[in-house]
Amino acid sequence: MIAQTRAELLKIRSTRTTIGLVLGMLAIVVLFALLSGLLTKTRDLTSKEDQLGLLGVGSFAGVFSALAGIMLVTSEYRYGTIRPTFLFTPRRSRVLAAKLGAGLLAGLGFGVVGGLLGFGIGYAALSGRGVAFALSGGDVALLALGTIAGGAIWGAIGVGLGAIVRNQVGSIIALLAWGFVVENLLFAFVYSAGRFGPVHAQDALTGLTTKHLLPAAGGGAVLIAWAAALAVAGTALTARRDVN
Amino acid sequence: MPVAFVRRSGRARRCAGKRGASDVVDFGRVGGEHVAPAVLSDSLTKRFGKLTAVDDLSFALEPGTITGFLGPNGAGKTTTLRMLLGLAAPTSGRALVFGEPYAALERPALRVGSVLEATDFHPGRSGRDHLRMLARAVDLTDERVEEVLRLVELDAAASRRVKGYSLGMRQRLGLASALLGDPELLVLDEPANGLDPEGIRWLRDFLRAFAAERRTVLISSHVLAEVAQTVDQVLIINRGKLVIESSLEQLTARVGGSVRIRSPDPARLRDALKREGIDATSSNDHALLVHGTTSDRVGDIAFAAGVPVHELVAEGSSLEEVFLDLTSESQP
């Protein structure tokens with residue numbers, strides 16, 4: 001297992017895909033942090049909820065963690081390296097477990113970097129504009145934990161999704177369509193179901209208390225359940241399917 | 001070029017008896033002891049919907065042989081190899097490597113080296129990193145990676161991204177990945193594809209040296225000529241069925257090879273051949289066509305008789321014709 005995980009971590013490091021995702025994440029986090037930090041009216045930045053929204057921009061890291069997880073599986077199918085990978089480790093569940101581990105680690109890194117950057121820019125904007133800081137130490141701790149843990153779990157979600165939808169473009173479209181469209185519609189119209197979606201579970205995990213969201217612990221549990229369900233389904237399908 | 005196999009220490013691990021008597025198939029005795037064939041295909045069948053890609057295919061390969069696995073494109077060669085290597089599940093039948101299913105072998109990459117596609121690389125990854133990531137998965141060292149890079153003469157290009165490699169370099173990188181674990185069995189799918197004549201010769205010398213150490217090679221090809229000088233025996237399949245399993249000599253004998261010899265004195269040459277019991281037929285422009293012998297023998301006879309020879313050709317395409325005959329005669 002350790003051997004396979006080391007192999008997976010080398011796969012992440014040895015192409016430019018990861019650096020591209022990191023740069024993409026940095027650009028998005030900086031852009032959104034600056035836009036909301038500078039353009040939002042001061043009266044819309046005073047409440048705890050407002051400030052969590054601003055300082056938690058780093059949650060976007062989750063999208064990039066999931067993309068990294070998807071790449072970890074789907075590039076192997078796209079470029080055919082899945083064949084040597086399985087020839088060297090024919091127990092496919094072992095390969096998937098290693099990819100889940102590597103996805104968690106990579107996602108953790110995205111969460112740390114994205115979280116720190118978003119918080120730093122948001123905090124600078126608040127103090128620069130002289131807005132009183134409304135978050136307690138506990139709020140900040142939960143935000144940090146939620147962003148970092150969330151980033152890691154989204155990495156695993158990406159691996160599971162990639163193992164189910166092996167086509168790279170299909171997998172990415174599935175992630176973005178669900179995350180930015182389907183789940184938001186679901187939450188808007190049937191919040192009792194939508195709040196159990198992974199994106200809203202992530203929001204809850206970072207301490208957001210928007211109406212109808214789950215409590216933070218519940219959000220964490222739901223997010224982990226999503227990752228586990230996708231991982232189990234992806235592993236089962238990978239074991240059953242032939243490799244061309 | 002010199003071909004040297006750098007052996008890692010600790011080969012003893014291979015002998016450590018991991019074989020449960022129950023899952024070893026009994027194939028008779030070789031030299032008094034039980035030896036499972038390196039490769040065994042036992043009534044192997046694979047169906048994709050209505051299409052039967054591999055149809056009740058049975059064969060066994062003894063250790064130390066180089067076998068050409070031949071057939072036209074779409075004959076089922078690659079599907080068979082995928083089943084042997086655990087990438088695809090048989091519909092029925094068994095595919096065993098050293099007496100066990102590939103996936104049941106402990107660290108199979110240390111016993112079986114295989115390349116299924118010459119293009120299985122991430123274009124943005126360097127050749128060295130490709131090998132390193134595979135080496136890590138089976139706890140091989142980075143020094144071993146450098147050894148195989150030197151072995152396939154890719155050490156100078158190893159830091160470059162694979163997208164800048166020629167097809168020949170990709171073939172050698174694939175071979176390097178197969179050799180990482182210092183295997184006893186090499187399984188290569190169309191390894192000569194895209195190689196220039198120099199590359200084909202390099203591969204041939206390489207495989208010969210490999211097999212000389214009692215190791216086993218199975219290479220597939222859709223062109224007999226590509227492997228004819230390399231292999232000891234051939235398995236020819238067509239439409240998923242075994243057409244013939246024979247040594248290369250037997251196959252050549254089936255051809256009844258013809259030799260074309262041209263001399264300014266054909267009558268004297270014909271007499272000389274006749275004295276050796278060889279019949280020759282006249283061709284145009286003073287040439288004779290001789291069947292059932294080799295160009296070496298015909299040349300020797302002419303030399304001994306003191307007949308000048310202006311041209312001596314072993315008609316090489318005939319082996320290919322036999323192959324084409326064999327693979328077309330089983331059409332429905």
# chains A, B, ... in the order shown; residues from 1 in each chain; ligands from 1

$ interface_residues --of "chain B" --to "chain A" --cutoff "6 Å" --atoms "only C-alpha atoms" --output "PyMOL selection string"
chain B and resi 87-88+103+109+120-122+124-125+133+136-137

$ residues_around --residues "stretch 156-168 of chain B" --least-positions-apart "6" --cutoff "6 Å" --atoms "only C-alpha atoms" --output "list in words"
Pro123, Gly124, Arg125, Ser126, Gly127, Arg128, Gly194 and Leu195 of chain B

$ closest_atom_pairs --of "stretch 84-108 of chain A" --to "stretch 58-61 of chain A" --cutoff "12 Å" --atoms "only C-alpha atoms" --output "CSV"
residue,atom,partner,partner_atom,distance
A:Ala106,CA,A:Ala61,CA,10.7
A:Gly107,CA,A:Ala61,CA,7.9
A:Leu108,CA,A:Ala61,CA,9.3

$ select_by_dssp --residues "stretch 58-189 of chain B" --states "helix (DSSP H, G or I)" --output "PDB file with N, CA, C and O atoms, in the first residue's frame"
ATOM      1  N   LYS B  77      -5.308 -11.586 -30.924  1.00  0.00           N
ATOM      2  CA  LYS B  77      -4.011 -11.663 -30.237  1.00  0.00           C
ATOM      3  C   LYS B  77      -3.988 -10.796 -28.987  1.00  0.00           C
ATOM      4  O   LYS B  77      -3.661 -11.256 -27.891  1.00  0.00           O
ATOM      5  N   THR B  78      -4.331  -9.542 -29.167  1.00  0.00           N
ATOM      6  CA  THR B  78      -4.248  -8.619 -28.038  1.00  0.00           C
ATOM      7  C   THR B  78      -5.237  -9.003 -26.935  1.00  0.00           C
ATOM      8  O   THR B  78      -4.914  -8.937 -25.747  1.00  0.00           O
ATOM      9  N   THR B  79      -6.424  -9.427 -27.333  1.00  0.00           N
ATOM     10  CA  THR B  79      -7.416  -9.845 -26.334  1.00  0.00           C
ATOM     11  C   THR B  79      -6.876 -11.025 -25.530  1.00  0.00           C
ATOM     12  O   THR B  79      -7.036 -11.086 -24.305  1.00  0.00           O
ATOM     13  N   THR B  80      -6.220 -11.962 -26.223  1.00  0.00           N
ATOM     14  CA  THR B  80      -5.629 -13.101 -25.514  1.00  0.00           C
ATOM     15  C   THR B  80      -4.577 -12.618 -24.513  1.00  0.00           C
ATOM     16  O   THR B  80      -4.567 -13.047 -23.349  1.00  0.00           O
ATOM     17  N   LEU B  81      -3.700 -11.729 -24.966  1.00  0.00           N
ATOM     18  CA  LEU B  81      -2.640 -11.236 -24.079  1.00  0.00           C
ATOM     19  C   LEU B  81      -3.242 -10.489 -22.894  1.00  0.00           C
ATOM     20  O   LEU B  81      -2.771 -10.602 -21.759  1.00  0.00           O
ATOM     21  N   ARG B  82      -4.307  -9.710 -23.137  1.00  0.00           N
ATOM     22  CA  ARG B  82      -4.941  -8.980 -22.038  1.00  0.00           C
ATOM     23  C   ARG B  82      -5.490  -9.940 -20.993  1.00  0.00           C
ATOM     24  O   ARG B  82      -5.418  -9.676 -19.794  1.00  0.00           O
ATOM     25  N   MET B  83      -6.026 -11.068 -21.453  1.00  0.00           N
ATOM     26  CA  MET B  83      -6.533 -12.048 -20.485  1.00  0.00           C
ATOM     27  C   MET B  83      -5.386 -12.716 -19.730  1.00  0.00           C
ATOM     28  O   MET B  83      -5.474 -12.952 -18.526  1.00  0.00           O
ATOM     29  N   LEU B  84      -4.291 -13.014 -20.466  1.00  0.00           N
ATOM     30  CA  LEU B  84      -3.127 -13.617 -19.796  1.00  0.00           C
ATOM     31  C   LEU B  84      -2.591 -12.713 -18.694  1.00  0.00           C
ATOM     32  O   LEU B  84      -2.096 -13.187 -17.674  1.00  0.00           O
ATOM     33  N   TYR B 102      -2.467 -14.378 -13.432  1.00  0.00           N
ATOM     34  CA  TYR B 102      -1.501 -13.286 -13.280  1.00  0.00           C
ATOM     35  C   TYR B 102      -1.723 -12.507 -11.988  1.00  0.00           C
ATOM     36  O   TYR B 102      -0.787 -12.233 -11.236  1.00  0.00           O
ATOM     37  N   ALA B 103      -2.983 -12.165 -11.737  1.00  0.00           N
ATOM     38  CA  ALA B 103      -3.271 -11.305 -10.581  1.00  0.00           C
ATOM     39  C   ALA B 103      -3.008 -12.017  -9.256  1.00  0.00           C
ATOM     40  O   ALA B 103      -2.915 -11.372  -8.215  1.00  0.00           O
ATOM     41  N   ALA B 104      -2.891 -13.357  -9.290  1.00  0.00           N
ATOM     42  CA  ALA B 104      -2.634 -14.086  -8.047  1.00  0.00           C
ATOM     43  C   ALA B 104      -1.146 -14.174  -7.742  1.00  0.00           C
ATOM     44  O   ALA B 104      -0.750 -14.593  -6.655  1.00  0.00           O
ATOM     45  N   PRO B 108       3.778  -9.579  -9.529  1.00  0.00           N
ATOM     46  CA  PRO B 108       3.989 -10.219 -10.838  1.00  0.00           C
ATOM     47  C   PRO B 108       5.003  -9.491 -11.717  1.00  0.00           C
ATOM     48  O   PRO B 108       5.633 -10.123 -12.562  1.00  0.00           O
ATOM     49  N   ALA B 109       5.172  -8.186 -11.508  1.00  0.00           N
ATOM     50  CA  ALA B 109       6.115  -7.457 -12.368  1.00  0.00           C
ATOM     51  C   ALA B 109       7.540  -7.960 -12.194  1.00  0.00           C
ATOM     52  O   ALA B 109       8.399  -7.696 -13.020  1.00  0.00           O
ATOM     53  N   LEU B 110       7.804  -8.697 -11.107  1.00  0.00           N
ATOM     54  CA  LEU B 110       9.148  -9.238 -10.912  1.00  0.00           C
ATOM     55  C   LEU B 110       9.323 -10.587 -11.605  1.00  0.00           C
ATOM     56  O   LEU B 110      10.418 -11.131 -11.647  1.00  0.00           O
ATOM     57  N   GLY B 127      10.540  10.178 -19.464  1.00  0.00           N
ATOM     58  CA  GLY B 127      10.718   8.730 -19.502  1.00  0.00           C
ATOM     59  C   GLY B 127      11.190   8.196 -18.165  1.00  0.00           C
ATOM     60  O   GLY B 127      10.735   7.154 -17.692  1.00  0.00           O
ATOM     61  N   ARG B 128      12.097   8.941 -17.530  1.00  0.00           N
ATOM     62  CA  ARG B 128      12.627   8.502 -16.237  1.00  0.00           C
ATOM     63  C   ARG B 128      11.523   8.448 -15.172  1.00  0.00           C
ATOM     64  O   ARG B 128      11.405   7.467 -14.443  1.00  0.00           O
ATOM     65  N   ASP B 129      10.688   9.495 -15.127  1.00  0.00           N
ATOM     66  CA  ASP B 129       9.612   9.512 -14.132  1.00  0.00           C
ATOM     67  C   ASP B 129       8.586   8.407 -14.388  1.00  0.00           C
ATOM     68  O   ASP B 129       8.015   7.856 -13.451  1.00  0.00           O
ATOM     69  N   HIS B 130       8.358   8.104 -15.670  1.00  0.00           N
ATOM     70  CA  HIS B 130       7.440   7.000 -15.982  1.00  0.00           C
ATOM     71  C   HIS B 130       7.944   5.710 -15.344  1.00  0.00           C
ATOM     72  O   HIS B 130       7.195   4.979 -14.700  1.00  0.00           O
ATOM     73  N   LEU B 131       9.234   5.447 -15.529  1.00  0.00           N
ATOM     74  CA  LEU B 131       9.799   4.224 -14.967  1.00  0.00           C
ATOM     75  C   LEU B 131       9.838   4.290 -13.436  1.00  0.00           C
ATOM     76  O   LEU B 131       9.595   3.291 -12.755  1.00  0.00           O
ATOM     77  N   ARG B 132      10.129   5.474 -12.914  1.00  0.00           N
ATOM     78  CA  ARG B 132      10.222   5.589 -11.454  1.00  0.00           C
ATOM     79  C   ARG B 132       8.880   5.327 -10.785  1.00  0.00           C
ATOM     80  O   ARG B 132       8.806   4.690  -9.743  1.00  0.00           O
ATOM     81  N   MET B 133       7.807   5.832 -11.402  1.00  0.00           N
ATOM     82  CA  MET B 133       6.504   5.639 -10.754  1.00  0.00           C
ATOM     83  C   MET B 133       6.133   4.155 -10.754  1.00  0.00           C
ATOM     84  O   MET B 133       5.521   3.661  -9.806  1.00  0.00           O
ATOM     85  N   LEU B 134       6.539   3.444 -11.830  1.00  0.00           N
ATOM     86  CA  LEU B 134       6.263   2.005 -11.843  1.00  0.00           C
ATOM     87  C   LEU B 134       7.161   1.289 -10.839  1.00  0.00           C
ATOM     88  O   LEU B 134       6.720   0.386 -10.119  1.00  0.00           O
ATOM     89  N   ALA B 135       8.422   1.700 -10.779  1.00  0.00           N
ATOM     90  CA  ALA B 135       9.372   1.065  -9.860  1.00  0.00           C
ATOM     91  C   ALA B 135       8.898   1.209  -8.416  1.00  0.00           C
ATOM     92  O   ALA B 135       8.976   0.265  -7.626  1.00  0.00           O
ATOM     93  N   ARG B 136       8.361   2.400  -8.095  1.00  0.00           N
ATOM     94  CA  ARG B 136       7.905   2.615  -6.709  1.00  0.00           C
ATOM     95  C   ARG B 136       6.821   1.648  -6.314  1.00  0.00           C
ATOM     96  O   ARG B 136       6.760   1.201  -5.174  1.00  0.00           O
ATOM     97  N   ALA B 137       5.923   1.347  -7.267  1.00  0.00           N
ATOM     98  CA  ALA B 137       4.776   0.498  -6.936  1.00  0.00           C
ATOM     99  C   ALA B 137       5.202  -0.907  -6.530  1.00  0.00           C
ATOM    100  O   ALA B 137       4.438  -1.624  -5.881  1.00  0.00           O
ATOM    101  N   ASP B 142      15.496   3.514  -7.599  1.00  0.00           N
ATOM    102  CA  ASP B 142      15.770   4.413  -8.716  1.00  0.00           C
ATOM    103  C   ASP B 142      17.044   3.991  -9.455  1.00  0.00           C
ATOM    104  O   ASP B 142      17.204   4.284 -10.637  1.00  0.00           O
ATOM    105  N   GLU B 143      17.958   3.294  -8.772  1.00  0.00           N
ATOM    106  CA  GLU B 143      19.166   2.807  -9.467  1.00  0.00           C
ATOM    107  C   GLU B 143      18.773   1.767 -10.515  1.00  0.00           C
ATOM    108  O   GLU B 143      19.355   1.718 -11.591  1.00  0.00           O
ATOM    109  N   ARG B 144      17.789   0.935 -10.181  1.00  0.00           N
ATOM    110  CA  ARG B 144      17.319  -0.052 -11.150  1.00  0.00           C
ATOM    111  C   ARG B 144      16.740   0.646 -12.389  1.00  0.00           C
ATOM    112  O   ARG B 144      16.900   0.190 -13.517  1.00  0.00           O
ATOM    113  N   VAL B 145      16.052   1.768 -12.154  1.00  0.00           N
ATOM    114  CA  VAL B 145      15.513   2.549 -13.266  1.00  0.00           C
ATOM    115  C   VAL B 145      16.651   2.996 -14.184  1.00  0.00           C
ATOM    116  O   VAL B 145      16.561   2.874 -15.409  1.00  0.00           O
ATOM    117  N   GLU B 146      17.745   3.487 -13.596  1.00  0.00           N
ATOM    118  CA  GLU B 146      18.878   3.927 -14.415  1.00  0.00           C
ATOM    119  C   GLU B 146      19.482   2.750 -15.176  1.00  0.00           C
ATOM    120  O   GLU B 146      19.912   2.899 -16.327  1.00  0.00           O
ATOM    121  N   GLU B 147      19.521   1.581 -14.538  1.00  0.00           N
ATOM    122  CA  GLU B 147      20.069   0.397 -15.219  1.00  0.00           C
ATOM    123  C   GLU B 147      19.278   0.066 -16.482  1.00  0.00           C
ATOM    124  O   GLU B 147      19.863  -0.162 -17.541  1.00  0.00           O
ATOM    125  N   VAL B 148      17.942   0.018 -16.350  1.00  0.00           N
ATOM    126  CA  VAL B 148      17.172  -0.354 -17.542  1.00  0.00           C
ATOM    127  C   VAL B 148      17.205   0.753 -18.588  1.00  0.00           C
ATOM    128  O   VAL B 148      17.147   0.476 -19.784  1.00  0.00           O
ATOM    129  N   LEU B 149      17.323   1.999 -18.151  1.00  0.00           N
ATOM    130  CA  LEU B 149      17.457   3.094 -19.132  1.00  0.00           C
ATOM    131  C   LEU B 149      18.720   2.911 -19.955  1.00  0.00           C
ATOM    132  O   LEU B 149      18.716   3.106 -21.177  1.00  0.00           O
ATOM    133  N   ARG B 150      19.821   2.512 -19.295  1.00  0.00           N
ATOM    134  CA  ARG B 150      21.063   2.267 -20.037  1.00  0.00           C
ATOM    135  C   ARG B 150      20.907   1.055 -20.939  1.00  0.00           C
ATOM    136  O   ARG B 150      21.367   1.046 -22.083  1.00  0.00           O
ATOM    137  N   LEU B 151      20.222   0.046 -20.419  1.00  0.00           N
ATOM    138  CA  LEU B 151      20.044  -1.200 -21.166  1.00  0.00           C
ATOM    139  C   LEU B 151      19.341  -0.953 -22.502  1.00  0.00           C
ATOM    140  O   LEU B 151      19.704  -1.527 -23.522  1.00  0.00           O
ATOM    141  N   ASP B 155      19.198   6.434 -21.767  1.00  0.00           N
ATOM    142  CA  ASP B 155      19.633   7.253 -20.628  1.00  0.00           C
ATOM    143  C   ASP B 155      19.815   8.724 -21.009  1.00  0.00           C
ATOM    144  O   ASP B 155      19.521   9.611 -20.220  1.00  0.00           O
ATOM    145  N   ALA B 156      20.242   8.968 -22.253  1.00  0.00           N
ATOM    146  CA  ALA B 156      20.477  10.362 -22.645  1.00  0.00           C
ATOM    147  C   ALA B 156      19.171  11.145 -22.779  1.00  0.00           C
ATOM    148  O   ALA B 156      19.139  12.354 -22.564  1.00  0.00           O
ATOM    149  N   ALA B 157      18.089  10.446 -23.118  1.00  0.00           N
ATOM    150  CA  ALA B 157      16.809  11.136 -23.351  1.00  0.00           C
ATOM    151  C   ALA B 157      15.871  11.031 -22.161  1.00  0.00           C
ATOM    152  O   ALA B 157      14.744  11.509 -22.222  1.00  0.00           O
ATOM    153  N   VAL B 162       7.978  12.563 -22.727  1.00  0.00           N
ATOM    154  CA  VAL B 162       7.765  11.498 -23.701  1.00  0.00           C
ATOM    155  C   VAL B 162       7.193  12.036 -25.012  1.00  0.00           C
ATOM    156  O   VAL B 162       7.408  11.465 -26.072  1.00  0.00           O
ATOM    157  N   LYS B 163       6.495  13.171 -24.965  1.00  0.00           N
ATOM    158  CA  LYS B 163       5.889  13.686 -26.200  1.00  0.00           C
ATOM    159  C   LYS B 163       6.940  13.987 -27.259  1.00  0.00           C
ATOM    160  O   LYS B 163       6.625  14.000 -28.446  1.00  0.00           O
ATOM    161  N   GLY B 164       8.205  14.180 -26.849  1.00  0.00           N
ATOM    162  CA  GLY B 164       9.262  14.422 -27.827  1.00  0.00           C
ATOM    163  C   GLY B 164       9.952  13.152 -28.304  1.00  0.00           C
ATOM    164  O   GLY B 164      10.913  13.235 -29.055  1.00  0.00           O
ATOM    165  N   LEU B 167       8.667   7.012 -32.170  1.00  0.00           N
ATOM    166  CA  LEU B 167       7.981   5.755 -31.867  1.00  0.00           C
ATOM    167  C   LEU B 167       8.975   4.690 -31.423  1.00  0.00           C
ATOM    168  O   LEU B 167       8.709   3.913 -30.509  1.00  0.00           O
ATOM    169  N   GLY B 168      10.148   4.675 -32.067  1.00  0.00           N
ATOM    170  CA  GLY B 168      11.171   3.713 -31.669  1.00  0.00           C
ATOM    171  C   GLY B 168      11.618   3.920 -30.226  1.00  0.00           C
ATOM    172  O   GLY B 168      11.821   2.953 -29.483  1.00  0.00           O
ATOM    173  N   MET B 169      11.730   5.180 -29.814  1.00  0.00           N
ATOM    174  CA  MET B 169      12.126   5.456 -28.426  1.00  0.00           C
ATOM    175  C   MET B 169      11.018   5.027 -27.464  1.00  0.00           C
ATOM    176  O   MET B 169      11.277   4.516 -26.382  1.00  0.00           O
ATOM    177  N   ARG B 170       9.778   5.237 -27.886  1.00  0.00           N
ATOM    178  CA  ARG B 170       8.661   4.800 -27.027  1.00  0.00           C
ATOM    179  C   ARG B 170       8.649   3.290 -26.868  1.00  0.00           C
ATOM    180  O   ARG B 170       8.388   2.769 -25.786  1.00  0.00           O
ATOM    181  N   GLN B 171       8.934   2.601 -27.995  1.00  0.00           N
ATOM    182  CA  GLN B 171       8.999   1.134 -27.903  1.00  0.00           C
ATOM    183  C   GLN B 171      10.069   0.724 -26.902  1.00  0.00           C
ATOM    184  O   GLN B 171       9.875  -0.186 -26.101  1.00  0.00           O
ATOM    185  N   ARG B 172      11.216   1.395 -26.937  1.00  0.00           N
ATOM    186  CA  ARG B 172      12.297   1.026 -26.023  1.00  0.00           C
ATOM    187  C   ARG B 172      11.960   1.405 -24.588  1.00  0.00           C
ATOM    188  O   ARG B 172      12.321   0.687 -23.651  1.00  0.00           O
ATOM    189  N   LEU B 173      11.233   2.510 -24.410  1.00  0.00           N
ATOM    190  CA  LEU B 173      10.820   2.875 -23.053  1.00  0.00           C
ATOM    191  C   LEU B 173       9.839   1.838 -22.501  1.00  0.00           C
ATOM    192  O   LEU B 173       9.912   1.452 -21.327  1.00  0.00           O
ATOM    193  N   GLY B 174       8.946   1.373 -23.375  1.00  0.00           N
ATOM    194  CA  GLY B 174       8.029   0.318 -22.957  1.00  0.00           C
ATOM    195  C   GLY B 174       8.790  -0.932 -22.555  1.00  0.00           C
ATOM    196  O   GLY B 174       8.519  -1.546 -21.513  1.00  0.00           O
ATOM    197  N   LEU B 175       9.777  -1.288 -23.375  1.00  0.00           N
ATOM    198  CA  LEU B 175      10.601  -2.458 -23.075  1.00  0.00           C
ATOM    199  C   LEU B 175      11.326  -2.270 -21.744  1.00  0.00           C
ATOM    200  O   LEU B 175      11.421  -3.193 -20.929  1.00  0.00           O
ATOM    201  N   ALA B 176      11.809  -1.048 -21.517  1.00  0.00           N
ATOM    202  CA  ALA B 176      12.491  -0.765 -20.251  1.00  0.00           C
ATOM    203  C   ALA B 176      11.556  -1.012 -19.070  1.00  0.00           C
ATOM    204  O   ALA B 176      11.954  -1.586 -18.057  1.00  0.00           O
ATOM    205  N   SER B 177      10.290  -0.598 -19.210  1.00  0.00           N
ATOM    206  CA  SER B 177       9.352  -0.804 -18.105  1.00  0.00           C
ATOM    207  C   SER B 177       9.116  -2.291 -17.881  1.00  0.00           C
ATOM    208  O   SER B 177       8.999  -2.751 -16.744  1.00  0.00           O
ATOM    209  N   ALA B 178       9.100  -3.060 -18.968  1.00  0.00           N
ATOM    210  CA  ALA B 178       8.904  -4.499 -18.830  1.00  0.00           C
ATOM    211  C   ALA B 178      10.108  -5.158 -18.156  1.00  0.00           C
ATOM    212  O   ALA B 178       9.962  -6.159 -17.458  1.00  0.00           O
ATOM    213  N   LEU B 179      11.290  -4.584 -18.357  1.00  0.00           N
ATOM    214  CA  LEU B 179      12.505  -5.208 -17.828  1.00  0.00           C
ATOM    215  C   LEU B 179      12.822  -4.777 -16.400  1.00  0.00           C
ATOM    216  O   LEU B 179      13.708  -5.358 -15.760  1.00  0.00           O
TER     217      LEU B 179
END

$ atom_distance --atom1 "atom CA of B:Thr216" --atom2 "atom CA of B:Glu117"
19.6 Å

$ atom_distance --atom1 "atom CA of B:Gly306" --atom2 "atom CA of B:Thr281"
20.0 Å

$ residues_around --residues "A:Thr210" --least-positions-apart "6" --cutoff "9 Å" --atoms "only C-alpha atoms" --output "mmCIF file with C-alpha atoms, in the first residue's frame"
data_model
loop_
_atom_site.group_PDB
_atom_site.id
_atom_site.type_symbol
_atom_site.label_atom_id
_atom_site.label_comp_id
_atom_site.auth_asym_id
_atom_site.auth_seq_id
_atom_site.Cartn_x
_atom_site.Cartn_y
_atom_site.Cartn_z
ATOM 1 C CA GLU A 49 -22.273 35.187 8.075
ATOM 2 C CA ASP A 203 -20.591 24.959 3.263
ATOM 3 C CA ALA A 204 -21.978 23.631 6.525
#

$ residues_around --residues "A:Ala68" --least-positions-apart "3" --cutoff "7 Å" --atoms "only C-alpha atoms" --output "list of chain:residue names"
A:Thr18, A:Phe64, A:Ser65, A:Met71, A:Leu72, A:Gly155, A:Gly158

$ decode --residues "stretch 319-323 of chain B" --atoms "all heavy atoms" --output "mmCIF file, in the first residue's frame"
data_model
loop_
_atom_site.group_PDB
_atom_site.id
_atom_site.type_symbol
_atom_site.label_atom_id
_atom_site.label_comp_id
_atom_site.auth_asym_id
_atom_site.auth_seq_id
_atom_site.Cartn_x
_atom_site.Cartn_y
_atom_site.Cartn_z
ATOM 1 N N LEU B 319 7.422 -17.805 -46.972
ATOM 2 C CA LEU B 319 6.974 -18.020 -45.604
ATOM 3 C C LEU B 319 5.733 -17.165 -45.340
ATOM 4 O O LEU B 319 4.764 -17.591 -44.723
ATOM 5 C CB LEU B 319 8.104 -17.642 -44.648
ATOM 6 C CG LEU B 319 8.092 -18.246 -43.252
ATOM 7 C CD1 LEU B 319 8.068 -19.748 -43.311
ATOM 8 C CD2 LEU B 319 9.301 -17.778 -42.472
ATOM 9 N N GLU B 320 5.805 -15.955 -45.846
ATOM 10 C CA GLU B 320 4.669 -15.044 -45.701
ATOM 11 C C GLU B 320 3.441 -15.614 -46.414
ATOM 12 O O GLU B 320 2.322 -15.489 -45.922
ATOM 13 C CB GLU B 320 5.046 -13.691 -46.316
ATOM 14 C CG GLU B 320 4.345 -12.503 -45.695
ATOM 15 C CD GLU B 320 4.719 -12.286 -44.236
ATOM 16 O OE1 GLU B 320 5.915 -12.243 -43.926
ATOM 17 O OE2 GLU B 320 3.797 -12.171 -43.414
ATOM 18 N N GLU B 321 3.698 -16.275 -47.559
ATOM 19 C CA GLU B 321 2.561 -16.847 -48.291
ATOM 20 C C GLU B 321 1.897 -17.961 -47.512
ATOM 21 O O GLU B 321 0.673 -18.093 -47.494
ATOM 22 C CB GLU B 321 3.013 -17.362 -49.658
ATOM 23 C CG GLU B 321 3.169 -16.225 -50.665
ATOM 24 C CD GLU B 321 4.094 -16.596 -51.813
ATOM 25 O OE1 GLU B 321 4.353 -17.800 -52.011
ATOM 26 O OE2 GLU B 321 4.555 -15.665 -52.496
ATOM 27 N N VAL B 322 2.723 -18.786 -46.851
ATOM 28 C CA VAL B 322 2.158 -19.849 -46.021
ATOM 29 C C VAL B 322 1.300 -19.248 -44.913
ATOM 30 O O VAL B 322 0.193 -19.699 -44.623
ATOM 31 C CB VAL B 322 3.279 -20.706 -45.394
ATOM 32 C CG1 VAL B 322 2.711 -21.637 -44.343
ATOM 33 C CG2 VAL B 322 3.986 -21.492 -46.464
ATOM 34 N N PHE B 323 1.837 -18.196 -44.332
ATOM 35 C CA PHE B 323 1.114 -17.505 -43.270
ATOM 36 C C PHE B 323 -0.229 -17.005 -43.790
ATOM 37 O O PHE B 323 -1.280 -17.213 -43.177
ATOM 38 C CB PHE B 323 1.986 -16.347 -42.771
ATOM 39 C CG PHE B 323 1.349 -15.461 -41.753
ATOM 40 C CD1 PHE B 323 0.906 -15.976 -40.544
ATOM 41 C CD2 PHE B 323 1.193 -14.107 -41.994
ATOM 42 C CE1 PHE B 323 0.330 -15.145 -39.598
ATOM 43 C CE2 PHE B 323 0.623 -13.276 -41.056
ATOM 44 C CZ PHE B 323 0.187 -13.805 -39.853
#
